[in-house]
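Remarks on the structure that follows.
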Amino acid sequence: MKRLLVWLTFGAVLGSLVGVAVGKGDPRASLFVAGLGGLLAVAGGCVAGLAGNTKFGVISAARWPIIVGLLTGVAIGGVVGATTSFGPLMIALFNPDLPPRDFAAVFGGLGGGVVGAACGTLLGAAAARLW
C-alpha cells in the first residue's frame, strides 16, 4: 500500500506540473491532469508489481514482454490515432479552441500513442505473468 501511495503522489505531482504548464492559467487543467497522472501512475505501479520485483537497472527476462508491449503499443496506437478520427475527439476533449483541420493528426497520434502504450503494457504484463 505504501508503494502505491508513492506512485500516486509522484504521478499527481508530475501531472499537476504539466497541468500548470499547459493550462493557460486555468486551475481545473492542473487538477484534471494531476488526477490523470495519479491514475496512470497507480496503474503503472500495479503493472510493475505484477511484473515481479527485480533490482533497479537490471532488466529480467520477465520484463522484456512489457517493454516490447509498450513500444509496440505506442507505435501502433500512434499510427492508428493519426489516421482515424481520434484526433478531433482529442481536440474536443482537451482544447476545443484548436482547429481540427490543422491539429487532428498530431492530437490523434499523441492520444493514440498514450492509449496504445497503456494497452500494450498491460498485454505485455499479462504475457510476462504467463511466461
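Just remember, in the C-alpha cells the first chain shown is A, the second B, etc., residues are 1-based per chain, and ligands are 1-based in the order shown.
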
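Near segment 82-92 of chain A, within 12 Å and counting only C-alpha atoms, sit Val74, Ala75, Ile76, Gly77, Asp97, Leu98, Pro99, Pro100, Arg101, Asp102, Phe103, Ala104, Ala105, Val106, Phe107, Gly108, Gly109, Leu110, Gly111, Gly112, Gly113, Val114 and Val115 of chain A, not including residues fewer than 5 positions from it in the same chain.
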
Output C-alpha atoms for every residue in that selection, as a CSV table (one decimal), in the first residue's frame.
chain,number,residue,atom,x,y,z
A,74,VAL,CA,3.0,3.3,-28.8
A,75,ALA,CA,3.8,2.7,-32.5
A,76,ILE,CA,0.5,1.0,-33.4
A,77,GLY,CA,-1.6,3.5,-31.3
A,97,ASP,CA,-10.3,26.2,-29.5
A,98,LEU,CA,-7.9,24.5,-31.9
A,99,PRO,CA,-9.0,24.0,-35.5
A,100,PRO,CA,-9.3,20.2,-36.1
A,101,ARG,CA,-8.2,20.6,-39.7
A,102,ASP,CA,-4.7,21.6,-38.6
A,103,PHE,CA,-4.1,19.6,-35.5
A,104,ALA,CA,-6.2,16.4,-35.8
A,105,ALA,CA,-3.4,14.2,-36.9
A,106,VAL,CA,-1.0,15.4,-34.2
A,107,PHE,CA,-3.5,15.1,-31.4
A,108,GLY,CA,-4.7,11.8,-32.7
A,109,GLY,CA,-1.2,10.4,-32.9
A,110,LEU,CA,-0.4,11.6,-29.3
A,111,GLY,CA,-3.6,10.3,-27.9
A,112,GLY,CA,-3.4,7.0,-29.7
A,113,GLY,CA,0.2,6.6,-28.6
A,114,VAL,CA,-0.8,7.1,-24.9
A,115,VAL,CA,-3.7,4.7,-25.2

List as an mmCIF file with all heavy atoms, in the first residue's frame the protein and nucleic acid residues near Ser30 of chain A, meaning an atom at most 12 Å away when only C-alpha atoms are counted, but skip any in the same chain fewer than 2 places from it.
data_model
loop_
_atom_site.group_PDB
_atom_site.id
_atom_site.type_symbol
_atom_site.label_atom_id
_atom_site.label_comp_id
_atom_site.auth_asym_id
_atom_site.auth_seq_id
_atom_site.Cartn_x
_atom_site.Cartn_y
_atom_site.Cartn_z
ATOM 1 N N ALA A 12 0.696 12.341 -9.424
ATOM 2 C CA ALA A 12 -0.122 13.538 -9.232
ATOM 3 C C ALA A 12 0.720 14.809 -9.265
ATOM 4 O O ALA A 12 0.304 15.824 -9.834
ATOM 5 C CB ALA A 12 -0.891 13.443 -7.922
ATOM 6 N N VAL A 13 1.900 14.770 -8.662
ATOM 7 C CA VAL A 13 2.770 15.951 -8.678
ATOM 8 C C VAL A 13 3.236 16.251 -10.101
ATOM 9 O O VAL A 13 3.176 17.400 -10.559
ATOM 10 C CB VAL A 13 3.972 15.757 -7.717
ATOM 11 C CG1 VAL A 13 5.040 16.806 -7.947
ATOM 12 C CG2 VAL A 13 3.500 15.785 -6.284
ATOM 13 N N LEU A 14 3.681 15.220 -10.822
ATOM 14 C CA LEU A 14 4.109 15.455 -12.197
ATOM 15 C C LEU A 14 2.937 15.915 -13.066
ATOM 16 O O LEU A 14 3.081 16.799 -13.903
ATOM 17 C CB LEU A 14 4.734 14.187 -12.779
ATOM 18 C CG LEU A 14 6.118 13.839 -12.272
ATOM 19 C CD1 LEU A 14 6.619 12.571 -12.939
ATOM 20 C CD2 LEU A 14 7.089 14.968 -12.527
ATOM 21 N N GLY A 15 1.773 15.313 -12.861
ATOM 22 C CA GLY A 15 0.601 15.725 -13.622
ATOM 23 C C GLY A 15 0.198 17.159 -13.340
ATOM 24 O O GLY A 15 -0.174 17.904 -14.250
ATOM 25 N N SER A 16 0.262 17.573 -12.089
ATOM 26 C CA SER A 16 -0.099 18.959 -11.772
ATOM 27 C C SER A 16 0.900 19.936 -12.379
ATOM 28 O O SER A 16 0.517 21.023 -12.810
ATOM 29 C CB SER A 16 -0.207 19.157 -10.266
ATOM 30 O OG SER A 16 1.054 19.003 -9.659
ATOM 31 N N LEU A 17 2.171 19.565 -12.435
ATOM 32 C CA LEU A 17 3.164 20.437 -13.073
ATOM 33 C C LEU A 17 2.899 20.565 -14.568
ATOM 34 O O LEU A 17 3.003 21.657 -15.137
ATOM 35 C CB LEU A 17 4.575 19.917 -12.818
ATOM 36 C CG LEU A 17 5.060 20.000 -11.382
ATOM 37 C CD1 LEU A 17 6.429 19.337 -11.235
ATOM 38 C CD2 LEU A 17 5.101 21.434 -10.907
ATOM 39 N N VAL A 18 2.537 19.466 -15.204
ATOM 40 C CA VAL A 18 2.179 19.528 -16.623
ATOM 41 C C VAL A 18 0.918 20.362 -16.802
ATOM 42 O O VAL A 18 0.807 21.156 -17.745
ATOM 43 C CB VAL A 18 2.011 18.100 -17.201
ATOM 44 C CG1 VAL A 18 1.409 18.136 -18.586
ATOM 45 C CG2 VAL A 18 3.340 17.383 -17.234
ATOM 46 N N GLY A 19 -0.056 20.209 -15.917
ATOM 47 C CA GLY A 19 -1.280 20.992 -15.991
ATOM 48 C C GLY A 19 -1.029 22.482 -15.846
ATOM 49 O O GLY A 19 -1.652 23.292 -16.528
ATOM 50 N N VAL A 20 -0.104 22.860 -14.980
ATOM 51 C CA VAL A 20 0.251 24.278 -14.833
ATOM 52 C C VAL A 20 0.922 24.779 -16.102
ATOM 53 O O VAL A 20 0.675 25.896 -16.555
ATOM 54 C CB VAL A 20 1.168 24.482 -13.598
ATOM 55 C CG1 VAL A 20 1.789 25.857 -13.603
ATOM 56 C CG2 VAL A 20 0.390 24.250 -12.321
ATOM 57 N N ALA A 21 1.748 23.929 -16.705
ATOM 58 C CA ALA A 21 2.475 24.346 -17.905
ATOM 59 C C ALA A 21 1.563 24.533 -19.108
ATOM 60 O O ALA A 21 1.769 25.442 -19.909
ATOM 61 C CB ALA A 21 3.559 23.328 -18.231
ATOM 62 N N VAL A 22 0.554 23.699 -19.254
ATOM 63 C CA VAL A 22 -0.294 23.768 -20.450
ATOM 64 C C VAL A 22 -1.677 24.319 -20.172
ATOM 65 O O VAL A 22 -2.464 24.478 -21.091
ATOM 66 C CB VAL A 22 -0.420 22.379 -21.125
ATOM 67 C CG1 VAL A 22 0.926 21.871 -21.563
ATOM 68 C CG2 VAL A 22 -1.110 21.389 -20.222
ATOM 69 N N GLY A 23 -2.009 24.623 -18.938
ATOM 70 C CA GLY A 23 -3.360 25.017 -18.579
ATOM 71 C C GLY A 23 -3.739 26.447 -18.852
ATOM 72 O O GLY A 23 -4.894 26.810 -18.717
ATOM 73 N N LYS A 24 -2.799 27.291 -19.238
ATOM 74 C CA LYS A 24 -3.069 28.700 -19.543
ATOM 75 C C LYS A 24 -3.788 29.416 -18.407
ATOM 76 O O LYS A 24 -4.723 30.169 -18.619
ATOM 77 C CB LYS A 24 -3.876 28.825 -20.834
ATOM 78 C CG LYS A 24 -3.184 28.267 -22.039
ATOM 79 C CD LYS A 24 -4.054 28.415 -23.257
ATOM 80 C CE LYS A 24 -3.391 27.762 -24.449
ATOM 81 N NZ LYS A 24 -4.242 27.803 -25.625
ATOM 82 N N GLY A 25 -3.389 29.152 -17.171
ATOM 83 C CA GLY A 25 -3.953 29.837 -16.019
ATOM 84 C C GLY A 25 -5.241 29.255 -15.489
ATOM 85 O O GLY A 25 -5.806 29.779 -14.544
ATOM 86 N N ASP A 26 -5.724 28.192 -16.074
ATOM 87 C CA ASP A 26 -6.964 27.557 -15.618
ATOM 88 C C ASP A 26 -6.619 26.515 -14.548
ATOM 89 O O ASP A 26 -5.927 25.537 -14.842
ATOM 90 C CB ASP A 26 -7.666 26.891 -16.798
ATOM 91 C CG ASP A 26 -9.041 26.364 -16.433
ATOM 92 O OD1 ASP A 26 -9.537 26.699 -15.336
ATOM 93 O OD2 ASP A 26 -9.622 25.628 -17.250
ATOM 94 N N PRO A 27 -7.079 26.685 -13.313
ATOM 95 C CA PRO A 27 -6.726 25.722 -12.263
ATOM 96 C C PRO A 27 -7.365 24.354 -12.474
ATOM 97 O O PRO A 27 -6.863 23.353 -11.977
ATOM 98 C CB PRO A 27 -7.222 26.375 -10.978
ATOM 99 C CG PRO A 27 -8.247 27.355 -11.407
ATOM 100 C CD PRO A 27 -7.867 27.794 -12.792
ATOM 101 N N ARG A 28 -8.451 24.287 -13.229
ATOM 102 C CA ARG A 28 -9.083 22.980 -13.476
ATOM 103 C C ARG A 28 -8.194 22.083 -14.315
ATOM 104 O O ARG A 28 -8.214 20.868 -14.150
ATOM 105 C CB ARG A 28 -10.434 23.176 -14.160
ATOM 106 C CG ARG A 28 -11.465 23.834 -13.250
ATOM 107 C CD ARG A 28 -12.757 24.010 -13.961
ATOM 108 N NE ARG A 28 -12.546 24.943 -15.079
ATOM 109 C CZ ARG A 28 -13.400 25.173 -16.038
ATOM 110 N NH1 ARG A 28 -14.543 24.535 -16.067
ATOM 111 N NH2 ARG A 28 -13.138 26.039 -16.992
ATOM 112 N N PHE A 32 -7.209 18.319 -13.295
ATOM 113 C CA PHE A 32 -7.548 17.217 -14.188
ATOM 114 C C PHE A 32 -6.310 16.401 -14.547
ATOM 115 O O PHE A 32 -6.319 15.174 -14.458
ATOM 116 C CB PHE A 32 -8.221 17.750 -15.462
ATOM 117 C CG PHE A 32 -8.528 16.677 -16.459
ATOM 118 C CD1 PHE A 32 -9.608 15.836 -16.266
ATOM 119 C CD2 PHE A 32 -7.735 16.503 -17.576
ATOM 120 C CE1 PHE A 32 -9.893 14.841 -17.171
ATOM 121 C CE2 PHE A 32 -8.009 15.512 -18.482
ATOM 122 C CZ PHE A 32 -9.095 14.670 -18.293
ATOM 123 N N VAL A 33 -5.243 17.079 -14.953
ATOM 124 C CA VAL A 33 -4.037 16.360 -15.353
ATOM 125 C C VAL A 33 -3.367 15.717 -14.144
ATOM 126 O O VAL A 33 -2.778 14.641 -14.253
ATOM 127 C CB VAL A 33 -3.076 17.300 -16.114
ATOM 128 C CG1 VAL A 33 -1.822 16.576 -16.541
ATOM 129 C CG2 VAL A 33 -3.754 17.879 -17.331
ATOM 130 N N ALA A 34 -3.476 16.321 -12.954
ATOM 131 C CA ALA A 34 -2.942 15.685 -11.743
ATOM 132 C C ALA A 34 -3.694 14.398 -11.440
ATOM 133 O O ALA A 34 -3.089 13.381 -11.093
ATOM 134 C CB ALA A 34 -3.033 16.638 -10.564
ATOM 135 N N GLY A 35 -5.007 14.420 -11.574
ATOM 136 C CA GLY A 35 -5.790 13.205 -11.354
ATOM 137 C C GLY A 35 -5.467 12.137 -12.372
ATOM 138 O O GLY A 35 -5.323 10.952 -12.039
ATOM 139 N N LEU A 36 -5.335 12.537 -13.637
ATOM 140 C CA LEU A 36 -4.987 11.581 -14.684
ATOM 141 C C LEU A 36 -3.583 11.020 -14.453
ATOM 142 O O LEU A 36 -3.362 9.812 -14.608
ATOM 143 C CB LEU A 36 -5.071 12.264 -16.051
ATOM 144 C CG LEU A 36 -4.838 11.392 -17.261
ATOM 145 C CD1 LEU A 36 -5.908 10.313 -17.352
ATOM 146 C CD2 LEU A 36 -4.820 12.232 -18.514
ATOM 147 N N GLY A 37 -2.646 11.880 -14.053
ATOM 148 C CA GLY A 37 -1.292 11.415 -13.761
ATOM 149 C C GLY A 37 -1.254 10.457 -12.587
ATOM 150 O O GLY A 37 -0.544 9.455 -12.610
ATOM 151 N N GLY A 38 -2.028 10.749 -11.557
ATOM 152 C CA GLY A 38 -2.098 9.837 -10.415
ATOM 153 C C GLY A 38 -2.700 8.496 -10.791
ATOM 154 O O GLY A 38 -2.211 7.443 -10.369
#

Quick one: pick out all alpha helix (DSSP H) residues within segment 3-120 of chain A from a backbone DSSP run and write them as a PyMOL selection string.
chain A and resi 3-22+27-51+64-83+86-94+100-120
